[in-house]
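Participant: What follows is run19.csv; its format and atoms are CSV, C-alpha atoms.
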chain,number,residue,atom,x,y,z
A,12,MET,CA,-9.5,118.3,-62.1
A,13,SER,CA,-11.6,120.6,-60.0
A,14,ASN,CA,-12.0,122.8,-63.1
A,15,VAL,CA,-14.1,120.1,-64.7
A,16,LYS,CA,-17.4,121.7,-65.6
A,17,LEU,CA,-20.2,119.9,-63.8
A,18,ARG,CA,-23.9,119.7,-64.6
A,19,ALA,CA,-26.4,120.9,-61.9
A,20,PRO,CA,-26.7,118.4,-59.0
A,21,VAL,CA,-28.9,115.3,-59.7
A,22,THR,CA,-32.3,115.5,-58.2
A,23,ARG,CA,-34.0,113.0,-55.8
A,24,ARG,CA,-35.6,111.5,-58.9
A,25,PHE,CA,-32.1,110.2,-59.9
A,26,PHE,CA,-32.0,108.0,-56.8
A,27,GLU,CA,-35.6,106.9,-57.0
A,28,ARG,CA,-34.6,104.1,-59.4
A,29,PRO,CA,-33.3,100.5,-59.1
A,30,PRO,CA,-30.0,100.4,-57.3
A,31,ASP,CA,-28.1,98.8,-60.2
A,32,ASP,CA,-29.1,101.7,-62.5
A,33,VAL,CA,-28.0,104.2,-59.9
A,34,ALA,CA,-24.8,102.4,-59.1
A,35,TYR,CA,-23.9,102.3,-62.8
A,36,ASP,CA,-24.7,105.9,-63.4
A,37,LEU,CA,-22.7,107.1,-60.4
A,38,VAL,CA,-19.5,105.7,-61.8
A,39,GLY,CA,-17.7,108.7,-63.4
A,40,SER,CA,-19.9,111.2,-61.5
A,41,TRP,CA,-18.5,113.7,-59.0
A,42,LEU,CA,-19.4,113.7,-55.3
A,43,VAL,CA,-19.2,117.1,-53.7
A,44,LEU,CA,-19.2,117.4,-49.9
A,45,HIS,CA,-20.4,120.8,-48.8
A,46,ASP,CA,-19.5,121.9,-45.2
A,47,ALA,CA,-19.7,125.4,-43.9
A,48,GLY,CA,-19.1,126.9,-47.2
A,49,GLN,CA,-16.2,124.6,-48.1
A,50,GLU,CA,-16.2,122.0,-50.8
A,51,ARG,CA,-14.4,118.7,-51.3
A,52,ARG,CA,-14.7,117.0,-54.7
A,53,ALA,CA,-14.2,113.3,-55.5
A,54,LEU,CA,-14.6,111.4,-58.7
A,55,ILE,CA,-16.6,108.2,-58.0
A,56,VAL,CA,-14.8,105.2,-59.6
A,57,GLU,CA,-16.4,102.2,-57.9
A,58,THR,CA,-19.9,101.3,-56.6
A,59,GLU,CA,-21.9,98.3,-55.5
A,60,ALA,CA,-25.7,97.9,-55.6
A,61,TYR,CA,-27.7,96.3,-52.8
A,62,GLY,CA,-31.3,95.2,-53.0
A,63,GLY,CA,-33.8,94.7,-50.2
A,64,SER,CA,-35.9,91.7,-49.5
A,65,ASP,CA,-34.5,90.0,-52.6
A,66,ASP,CA,-30.8,90.3,-51.5
A,67,PRO,CA,-29.5,88.2,-48.6
A,68,ALA,CA,-26.4,90.4,-48.5
A,69,SER,CA,-28.4,93.5,-47.8
A,70,HIS,CA,-29.0,95.0,-44.4
A,71,ALA,CA,-32.6,95.3,-45.4
A,72,PHE,CA,-33.1,91.7,-46.2
A,73,ARG,CA,-34.9,90.8,-42.9
A,74,GLY,CA,-36.8,94.0,-42.6
A,75,PRO,CA,-36.1,97.3,-40.8
A,76,THR,CA,-33.8,97.4,-37.8
A,77,LYS,CA,-32.4,100.3,-35.8
A,78,ARG,CA,-29.4,100.3,-38.1
A,79,SER,CA,-31.1,99.8,-41.5
A,80,ALA,CA,-34.3,101.9,-40.8
A,81,ILE,CA,-33.0,104.7,-43.1
A,82,MET,CA,-32.9,102.3,-46.0
A,83,PHE,CA,-36.7,102.1,-45.8
A,84,GLY,CA,-37.1,105.9,-46.0
A,85,PRO,CA,-37.0,108.3,-49.0
A,86,ALA,CA,-34.3,108.0,-51.7
A,87,GLY,CA,-31.3,110.3,-51.8
A,88,PHE,CA,-30.1,110.2,-48.2
A,89,LEU,CA,-26.8,108.8,-46.8
A,90,TYR,CA,-26.7,105.5,-45.0
A,91,VAL,CA,-23.5,105.2,-42.9
A,92,TYR,CA,-22.6,102.1,-40.9
A,93,LEU,CA,-19.5,100.6,-39.2
A,94,ILE,CA,-17.9,97.4,-40.3
A,95,TYR,CA,-15.3,95.4,-38.3
A,96,GLY,CA,-15.7,97.9,-35.5
A,97,MET,CA,-13.4,100.3,-37.3
A,98,HIS,CA,-14.4,101.3,-40.8
A,99,TRP,CA,-17.3,103.5,-41.8
A,100,CYS,CA,-19.1,102.7,-45.1
A,101,MET,CA,-21.3,105.2,-47.0
A,102,ASN,CA,-24.3,104.3,-49.1
A,103,VAL,CA,-27.0,106.3,-50.8
A,104,VAL,CA,-30.6,105.1,-50.4
A,105,THR,CA,-32.4,104.3,-53.6
A,106,GLU,CA,-35.9,103.6,-54.9
A,107,PRO,CA,-39.1,105.0,-53.4
A,108,GLU,CA,-39.8,105.0,-49.7
A,109,GLY,CA,-40.4,101.5,-48.3
A,110,THR,CA,-38.4,99.6,-50.9
A,111,ALA,CA,-35.1,99.6,-48.9
A,112,THR,CA,-32.3,99.5,-51.4
A,113,ALA,CA,-29.0,101.3,-51.6
A,114,VAL,CA,-25.7,101.9,-53.4
A,115,LEU,CA,-22.4,101.5,-51.6
A,116,LEU,CA,-19.7,103.9,-52.6
A,117,ARG,CA,-16.5,101.8,-52.7
A,118,ALA,CA,-13.8,104.0,-54.2
A,119,ALA,CA,-13.1,107.5,-55.5
A,120,GLU,CA,-10.3,109.9,-56.6
A,121,LEU,CA,-10.2,112.8,-54.1
A,122,ILE,CA,-8.9,116.2,-55.4
A,123,VAL,CA,-6.9,117.9,-52.7
A,124,PRO,CA,-5.4,121.5,-53.0
A,125,THR,CA,-1.7,121.8,-52.3
A,126,PRO,CA,0.0,124.7,-50.3
A,127,GLU,CA,1.4,125.9,-53.6
A,128,GLY,CA,-2.1,126.4,-55.0
A,129,ASP,CA,-2.0,123.4,-57.2
A,130,GLU,CA,-4.0,120.2,-56.9
A,131,GLU,CA,-3.2,116.6,-56.3
A,132,SER,CA,-5.2,113.4,-56.6
A,133,VAL,CA,-5.5,110.9,-53.7
A,134,ALA,CA,-6.8,107.4,-54.4
A,135,LEU,CA,-9.4,106.4,-51.9
A,136,ARG,CA,-9.4,102.6,-52.5
A,137,GLY,CA,-12.1,100.7,-50.6
A,138,PRO,CA,-15.1,102.0,-48.6
A,139,GLY,CA,-13.2,102.6,-45.4
A,140,ASN,CA,-10.5,104.7,-47.1
A,141,LEU,CA,-13.3,106.6,-49.0
A,142,THR,CA,-15.1,107.7,-45.8
A,143,ARG,CA,-11.8,108.5,-44.0
A,144,GLY,CA,-10.6,110.6,-46.9
A,145,LEU,CA,-13.9,112.6,-47.0
A,146,GLY,CA,-14.3,112.8,-43.3
A,147,ILE,CA,-17.6,110.8,-43.3
A,148,THR,CA,-18.5,109.2,-39.9
A,149,GLY,CA,-21.6,107.8,-38.3
A,150,ALA,CA,-22.6,111.3,-37.4
A,151,ASP,CA,-23.4,111.8,-41.1
A,152,ASN,CA,-26.0,109.0,-41.2
A,153,GLY,CA,-29.1,110.6,-42.8
A,154,LEU,CA,-27.2,113.4,-44.6
A,155,ASP,CA,-29.1,114.7,-47.6
A,156,CYS,CA,-27.5,113.9,-50.9
A,157,CYS,CA,-29.6,116.3,-52.9
A,158,GLY,CA,-28.6,119.6,-51.5
A,159,GLY,CA,-29.4,121.6,-48.4
A,160,GLU,CA,-27.8,123.9,-45.9
A,161,GLY,CA,-24.8,123.5,-43.6
A,162,ARG,CA,-23.3,120.0,-44.3
A,163,TYR,CA,-24.7,118.1,-47.2
A,164,LEU,CA,-23.7,116.2,-50.4
A,165,THR,CA,-24.5,116.7,-54.1
A,166,PHE,CA,-23.7,114.4,-57.0
A,167,HIS,CA,-23.0,115.7,-60.5
A,168,ARG,CA,-22.4,114.4,-64.0
A,169,PRO,CA,-19.6,116.3,-65.9
A,170,ARG,CA,-20.7,118.5,-68.7
A,171,GLN,CA,-18.3,116.7,-71.0
A,172,ASP,CA,-17.1,113.1,-71.1
A,173,THR,CA,-13.8,113.2,-69.2
A,174,ASN,CA,-13.5,109.4,-68.9
A,175,ASP,CA,-12.2,107.4,-71.9
A,176,SER,CA,-12.4,104.1,-70.0
A,177,PRO,CA,-15.6,102.1,-70.0
A,178,THR,CA,-17.6,101.3,-66.9
A,179,ARG,CA,-17.4,97.6,-66.2
A,180,GLN,CA,-19.2,95.2,-63.8
A,181,SER,CA,-18.3,92.2,-61.7
A,182,LYS,CA,-19.5,90.3,-58.7
A,183,ARG,CA,-19.5,92.1,-55.5
A,184,VAL,CA,-16.5,91.6,-53.2
A,185,GLY,CA,-16.0,90.7,-49.5
A,186,LEU,CA,-19.4,89.0,-49.1
A,187,ALA,CA,-20.4,85.7,-47.6
A,188,ARG,CA,-23.9,85.7,-49.1
A,189,GLU,CA,-25.2,86.3,-52.7
A,190,ILE,CA,-21.6,86.3,-53.9
A,191,ASP,CA,-22.4,85.7,-57.5
A,192,ARG,CA,-24.6,88.8,-57.9
A,193,PRO,CA,-23.0,91.0,-60.6
A,194,SER,CA,-23.8,94.3,-59.0
A,195,ARG,CA,-20.3,95.9,-58.7
A,196,TYR,CA,-19.5,98.7,-61.1
A,197,PHE,CA,-16.1,100.4,-61.7
A,198,LEU,CA,-14.2,102.6,-64.0
A,199,ASP,CA,-11.9,100.3,-66.0
A,200,GLY,CA,-8.2,101.0,-65.5
A,201,HIS,CA,-8.6,103.7,-62.9
A,202,ASP,CA,-5.9,103.6,-60.2
A,203,ALA,CA,-8.3,104.1,-57.3
A,204,VAL,CA,-10.4,101.0,-58.0
A,205,SER,CA,-10.1,98.8,-54.9
A,206,LYS,CA,-10.0,95.4,-56.5
A,207,LEU,CA,-9.8,94.2,-60.1
A,208,PRO,CA,-11.6,90.9,-61.0
A,209,ALA,CA,-10.2,88.7,-63.7
A,210,ASN,CA,-11.8,89.3,-67.1
A,211,PRO,CA,-14.8,91.4,-66.0
A,212,PRO,CA,-17.5,91.8,-68.6
A,213,THR,CA,-18.2,95.2,-70.1
A,214,LYS,CA,-21.4,96.8,-68.8
A,215,HIS,CA,-23.9,97.3,-71.6
A,216,SER,CA,-26.6,99.9,-71.7
A,217,ARG,CA,-30.1,98.9,-70.6
A,218,ILE,CA,-33.5,100.5,-70.6
A,219,ARG,CA,-34.2,102.5,-67.5
A,220,LYS,CA,-36.1,105.5,-66.3
A,221,PRO,CA,-34.2,108.7,-67.2
A,222,PRO,CA,-32.4,110.2,-64.3
A,223,GLY,CA,-33.3,113.6,-62.9
Would you write the structure of this file as structure tokens?

Facilitator:
Amino acid sequence: MSNVKLRAPVTRRFFERPPDDVAYDLVGSWLVLHDAGQERRALIVETEAYGGSDDPASHAFRGPTKRSAIMFGPAGFLYVYLIYGMHWCMNVVTEPEGTATAVLLRAAELIVPTPEGDEESVALRGPGNLTRGLGITGADNGLDCCGGEGRYLTFHRPRQDTNDSPTRQSKRVGLAREIDRPSRYFLDGHDAVSKLPANPPTKHSRIRKPPG
């Protein structure tokens, strides 16, 4: 799958939009981790959108803290935090500076080269497995998701539609607050999706600013 022809990386403008728009558009996109000239590719299959002052489940709900300060900065940077004292979660900051919203990357299909020169797919189900599979830790908090030098991320849409399955939405999972908010998006039928809700509605197109 690494031979899938990708478009140029999305620009910061792509992330300067409402989190639900970004979360929906990231499903079916490719994440590329660049590190010292090496690349790791993963197909994003599940995301969740988090608001700011309007979302009690968001880390930004009560304003900036030492942990959530990066959410109040420019879009297109990585927000990494620890849950349960053991799992790292990776998010991409969205909307213009000061708005404080983000998209959590929940699951992906990692492409791994084999010693024989072939490739195999590894299902990274759940945000903790996703960061572990990519080698993302708290040291990556603030990593640029729009290019750079050294260690950085880029996100790409494929040049052709390689996914026949629709993107669906459901309620977010694993939350104690704002549990009915339908801000989880996933690639229907993909093996790496972390949790399948019963009878999820299909996500329909909506008017939004064109991504960059």

Participant: If we count only C-alpha atoms, what is near segment 103-116 of chain A at a cut-off of 6 Å, once residues fewer than 5 positions away on the same chain are taken out, given as a ChimeraX atom specification?

Facilitator: /A:26-30,34,58-63,82-90

Participant: For the residues in the current selection, export C-alpha atoms as a short mmCIF file (atom, residue, chain, number, x, y, z; two decimals), in the coordinates of the input.

Facilitator:
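Listing of result-v4.cif after writing:
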data_model
loop_
_atom_site.label_atom_id
_atom_site.label_comp_id
_atom_site.auth_asym_id
_atom_site.auth_seq_id
_atom_site.Cartn_x
_atom_site.Cartn_y
_atom_site.Cartn_z
CA PHE A 26 -32.00 108.00 -56.80
CA GLU A 27 -35.60 106.90 -57.00
CA ARG A 28 -34.60 104.10 -59.40
CA PRO A 29 -33.30 100.50 -59.10
CA PRO A 30 -30.00 100.40 -57.30
CA ALA A 34 -24.80 102.40 -59.10
CA THR A 58 -19.90 101.30 -56.60
CA GLU A 59 -21.90 98.30 -55.50
CA ALA A 60 -25.70 97.90 -55.60
CA TYR A 61 -27.70 96.30 -52.80
CA GLY A 62 -31.30 95.20 -53.00
CA GLY A 63 -33.80 94.70 -50.20
CA MET A 82 -32.90 102.30 -46.00
CA PHE A 83 -36.70 102.10 -45.80
CA GLY A 84 -37.10 105.90 -46.00
CA PRO A 85 -37.00 108.30 -49.00
CA ALA A 86 -34.30 108.00 -51.70
CA GLY A 87 -31.30 110.30 -51.80
CA PHE A 88 -30.10 110.20 -48.20
CA LEU A 89 -26.80 108.80 -46.80
CA TYR A 90 -26.70 105.50 -45.00
#

Participant: Neighbouring residues of Leu44 of chain A were defined as those with any atom within 7 Å, considering all atoms listed in the file; residues of the same chain fewer than 2 positions away were excluded. Please report them as number ranges by chain.

Facilitator: A: 42, 46, 50-52, 163-165

Participant: Set out as CSV a contact list for segment 111-184 of chain A and segment 191-198 of chain A with a cut-off of 10 Å, giving each residue of segment 111-184 of chain A that qualifies its closest atom pair and distance in Å to one decimal, counting all atoms listed in the file, ordered by chain and rising residue number.

Facilitator:
residue,atom,partner,partner_atom,distance
A:Val114,CA,A:Ser194,CA,9.6
A:Leu115,CA,A:Arg195,CA,9.3
A:Leu116,CA,A:Tyr196,CA,10.0
A:Arg117,CA,A:Phe197,CA,9.1
A:Ala118,CA,A:Phe197,CA,8.6
A:Ala119,CA,A:Leu198,CA,9.9
A:Asn174,CA,A:Leu198,CA,8.4
A:Asp175,CA,A:Leu198,CA,9.5
A:Ser176,CA,A:Leu198,CA,6.4
A:Pro177,CA,A:Leu198,CA,6.2
A:Thr178,CA,A:Leu198,CA,4.7
A:Arg179,CA,A:Phe197,CA,5.5
A:Gln180,CA,A:Tyr196,CA,4.4
A:Ser181,CA,A:Pro193,CA,5.0
A:Lys182,CA,A:Pro193,CA,4.0
A:Arg183,CA,A:Arg195,CA,5.0
A:Val184,CA,A:Arg195,CA,7.9

Participant: Given the selection you just returned, output its residues as a file containing C-alpha atoms, formatted as a PDB file, keeping the file's coordinate frame.

Facilitator:
ATOM      1  CA  VAL A 114     -25.700 101.900 -53.400  1.00  0.00           C
ATOM      2  CA  LEU A 115     -22.400 101.500 -51.600  1.00  0.00           C
ATOM      3  CA  LEU A 116     -19.700 103.900 -52.600  1.00  0.00           C
ATOM      4  CA  ARG A 117     -16.500 101.800 -52.700  1.00  0.00           C
ATOM      5  CA  ALA A 118     -13.800 104.000 -54.200  1.00  0.00           C
ATOM      6  CA  ALA A 119     -13.100 107.500 -55.500  1.00  0.00           C
ATOM      7  CA  ASN A 174     -13.500 109.400 -68.900  1.00  0.00           C
ATOM      8  CA  ASP A 175     -12.200 107.400 -71.900  1.00  0.00           C
ATOM      9  CA  SER A 176     -12.400 104.100 -70.000  1.00  0.00           C
ATOM     10  CA  PRO A 177     -15.600 102.100 -70.000  1.00  0.00           C
ATOM     11  CA  THR A 178     -17.600 101.300 -66.900  1.00  0.00           C
ATOM     12  CA  ARG A 179     -17.400  97.600 -66.200  1.00  0.00           C
ATOM     13  CA  GLN A 180     -19.200  95.200 -63.800  1.00  0.00           C
ATOM     14  CA  SER A 181     -18.300  92.200 -61.700  1.00  0.00           C
ATOM     15  CA  LYS A 182     -19.500  90.300 -58.700  1.00  0.00           C
ATOM     16  CA  ARG A 183     -19.500  92.100 -55.500  1.00  0.00           C
ATOM     17  CA  VAL A 184     -16.500  91.600 -53.200  1.00  0.00           C
TER      18      VAL A 184
END

Participant: Restricting the calculation to only C-alpha atoms: of A:Leu145, A:Leu135, A:Ala80, A:Ala19, which residue gets closest to Val56 of chain A?

Facilitator: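 That would be A:Leu135, the residue with the smallest distance to Val56 of chain A.
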
Participant: Could you please determine the separation between atom CA of Lys16 of chain A and atom CA of Asn102 of chain A in Å, to one decimal place?

Facilitator: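 Between atom CA of Lys16 of chain A and atom CA of Asn102 of chain A the gap works out to 25.0 Å.
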
Participant: What is the distance between atom CA of Cys156 of chain A and atom CA of Ser40 of chain A, in Å to one decimal?

Facilitator: 13.3 Å

Participant: Mind checking which residues fall within 8 Å of Gly149 of chain A, counting all atoms listed in the file, ignoring those fewer than 5 positions away in the same chain, and posting them as a list in words?

Facilitator: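 Once the adjacent positions are removed, what remains is Val91, Tyr92, Leu93 and Trp99 of chain A.
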
Participant: When distances are computed from all atoms listed in the file, which of A:Ala68, A:Val15, A:Ala134, A:Lys206 shows the smallest separation from Leu121 of chain A?

Facilitator: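 Nearest candidate to Leu121 of chain A out of A:Ala68, A:Val15, A:Ala134, A:Lys206: A:Ala134.
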
Participant: Please report the interatomic distance between atom CA of Gly144 of chain A and atom CA of Lys77 of chain A in Å with one decimal.

Facilitator: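 Computed distance, atom CA of Gly144 of chain A to atom CA of Lys77 of chain A, equals 26.5 Å.
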
Participant: Using all atoms listed in the file, determine which residues lie at most 7 Å from Ser64 of chain A, disregarding the query and same-chain residues fewer than 4 positions distant; provide the list as a PyMOL selection string.

Facilitator: chain A and resi 71-73

Participant: Identify the residues within 6 Å of coordinate (-9.1, 112.2, -54.9) (same frame as the file), considering all atoms listed in the file, and give the answer as number ranges by chain.

Facilitator: A: 53, 120-122, 132-134

Participant: For each of A:Ser69, A:His45, A:Gly153, A:Asp202, take the minimum atom-to-atom distance to Leu186 of chain A, counting all atoms listed in the file, then give the residue where this is smallest.

Facilitator: A:Ser69

Participant: Would you fill the gaps in segment 83-96 of chain A so it has N, CA and C atoms, then print it as a PDB file, in the frame of the given file?

Facilitator:
ATOM      1  N   PHE A  83     -35.299 102.244 -45.510  1.00  0.00           N
ATOM      2  CA  PHE A  83     -36.700 102.100 -45.800  1.00  0.00           C
ATOM      3  C   PHE A  83     -37.367 103.516 -46.002  1.00  0.00           C
ATOM      4  N   GLY A  84     -36.578 104.551 -45.877  1.00  0.00           N
ATOM      5  CA  GLY A  84     -37.100 105.900 -46.000  1.00  0.00           C
ATOM      6  C   GLY A  84     -36.929 106.403 -47.464  1.00  0.00           C
ATOM      7  N   PRO A  85     -37.038 107.713 -47.680  1.00  0.00           N
ATOM      8  CA  PRO A  85     -37.000 108.300 -49.000  1.00  0.00           C
ATOM      9  C   PRO A  85     -35.569 108.101 -49.640  1.00  0.00           C
ATOM     10  N   ALA A  86     -35.520 108.119 -50.957  1.00  0.00           N
ATOM     11  CA  ALA A  86     -34.300 108.000 -51.700  1.00  0.00           C
ATOM     12  C   ALA A  86     -33.434 109.284 -51.524  1.00  0.00           C
ATOM     13  N   GLY A  87     -32.113 109.136 -51.760  1.00  0.00           N
ATOM     14  CA  GLY A  87     -31.300 110.300 -51.800  1.00  0.00           C
ATOM     15  C   GLY A  87     -30.724 110.747 -50.449  1.00  0.00           C
ATOM     16  N   PHE A  88     -30.716 109.852 -49.470  1.00  0.00           N
ATOM     17  CA  PHE A  88     -30.100 110.200 -48.200  1.00  0.00           C
ATOM     18  C   PHE A  88     -28.992 109.193 -47.885  1.00  0.00           C
ATOM     19  N   LEU A  89     -28.029 109.622 -47.079  1.00  0.00           N
ATOM     20  CA  LEU A  89     -26.800 108.800 -46.800  1.00  0.00           C
ATOM     21  C   LEU A  89     -27.118 107.801 -45.712  1.00  0.00           C
ATOM     22  N   TYR A  90     -26.683 106.576 -45.953  1.00  0.00           N
ATOM     23  CA  TYR A  90     -26.700 105.500 -45.000  1.00  0.00           C
ATOM     24  C   TYR A  90     -25.310 105.139 -44.611  1.00  0.00           C
ATOM     25  N   VAL A  91     -24.921 105.401 -43.367  1.00  0.00           N
ATOM     26  CA  VAL A  91     -23.500 105.200 -42.900  1.00  0.00           C
ATOM     27  C   VAL A  91     -23.560 104.120 -41.807  1.00  0.00           C
ATOM     28  N   TYR A  92     -22.705 103.123 -41.923  1.00  0.00           N
ATOM     29  CA  TYR A  92     -22.600 102.100 -40.900  1.00  0.00           C
ATOM     30  C   TYR A  92     -21.164 101.689 -40.683  1.00  0.00           C
ATOM     31  N   LEU A  93     -20.897 101.045 -39.556  1.00  0.00           N
ATOM     32  CA  LEU A  93     -19.500 100.600 -39.200  1.00  0.00           C
ATOM     33  C   LEU A  93     -19.343  99.159 -39.460  1.00  0.00           C
ATOM     34  N   ILE A  94     -18.196  98.809 -40.060  1.00  0.00           N
ATOM     35  CA  ILE A  94     -17.900  97.400 -40.300  1.00  0.00           C
ATOM     36  C   ILE A  94     -16.552  97.086 -39.525  1.00  0.00           C
ATOM     37  N   TYR A  95     -16.446  95.842 -39.041  1.00  0.00           N
ATOM     38  CA  TYR A  95     -15.300  95.400 -38.300  1.00  0.00           C
ATOM     39  C   TYR A  95     -14.935  96.263 -37.115  1.00  0.00           C
ATOM     40  N   GLY A  96     -15.920  97.037 -36.670  1.00  0.00           N
ATOM     41  CA  GLY A  96     -15.700  97.900 -35.500  1.00  0.00           C
ATOM     42  C   GLY A  96     -14.749  99.042 -35.755  1.00  0.00           C
TER      43      GLY A  96
END
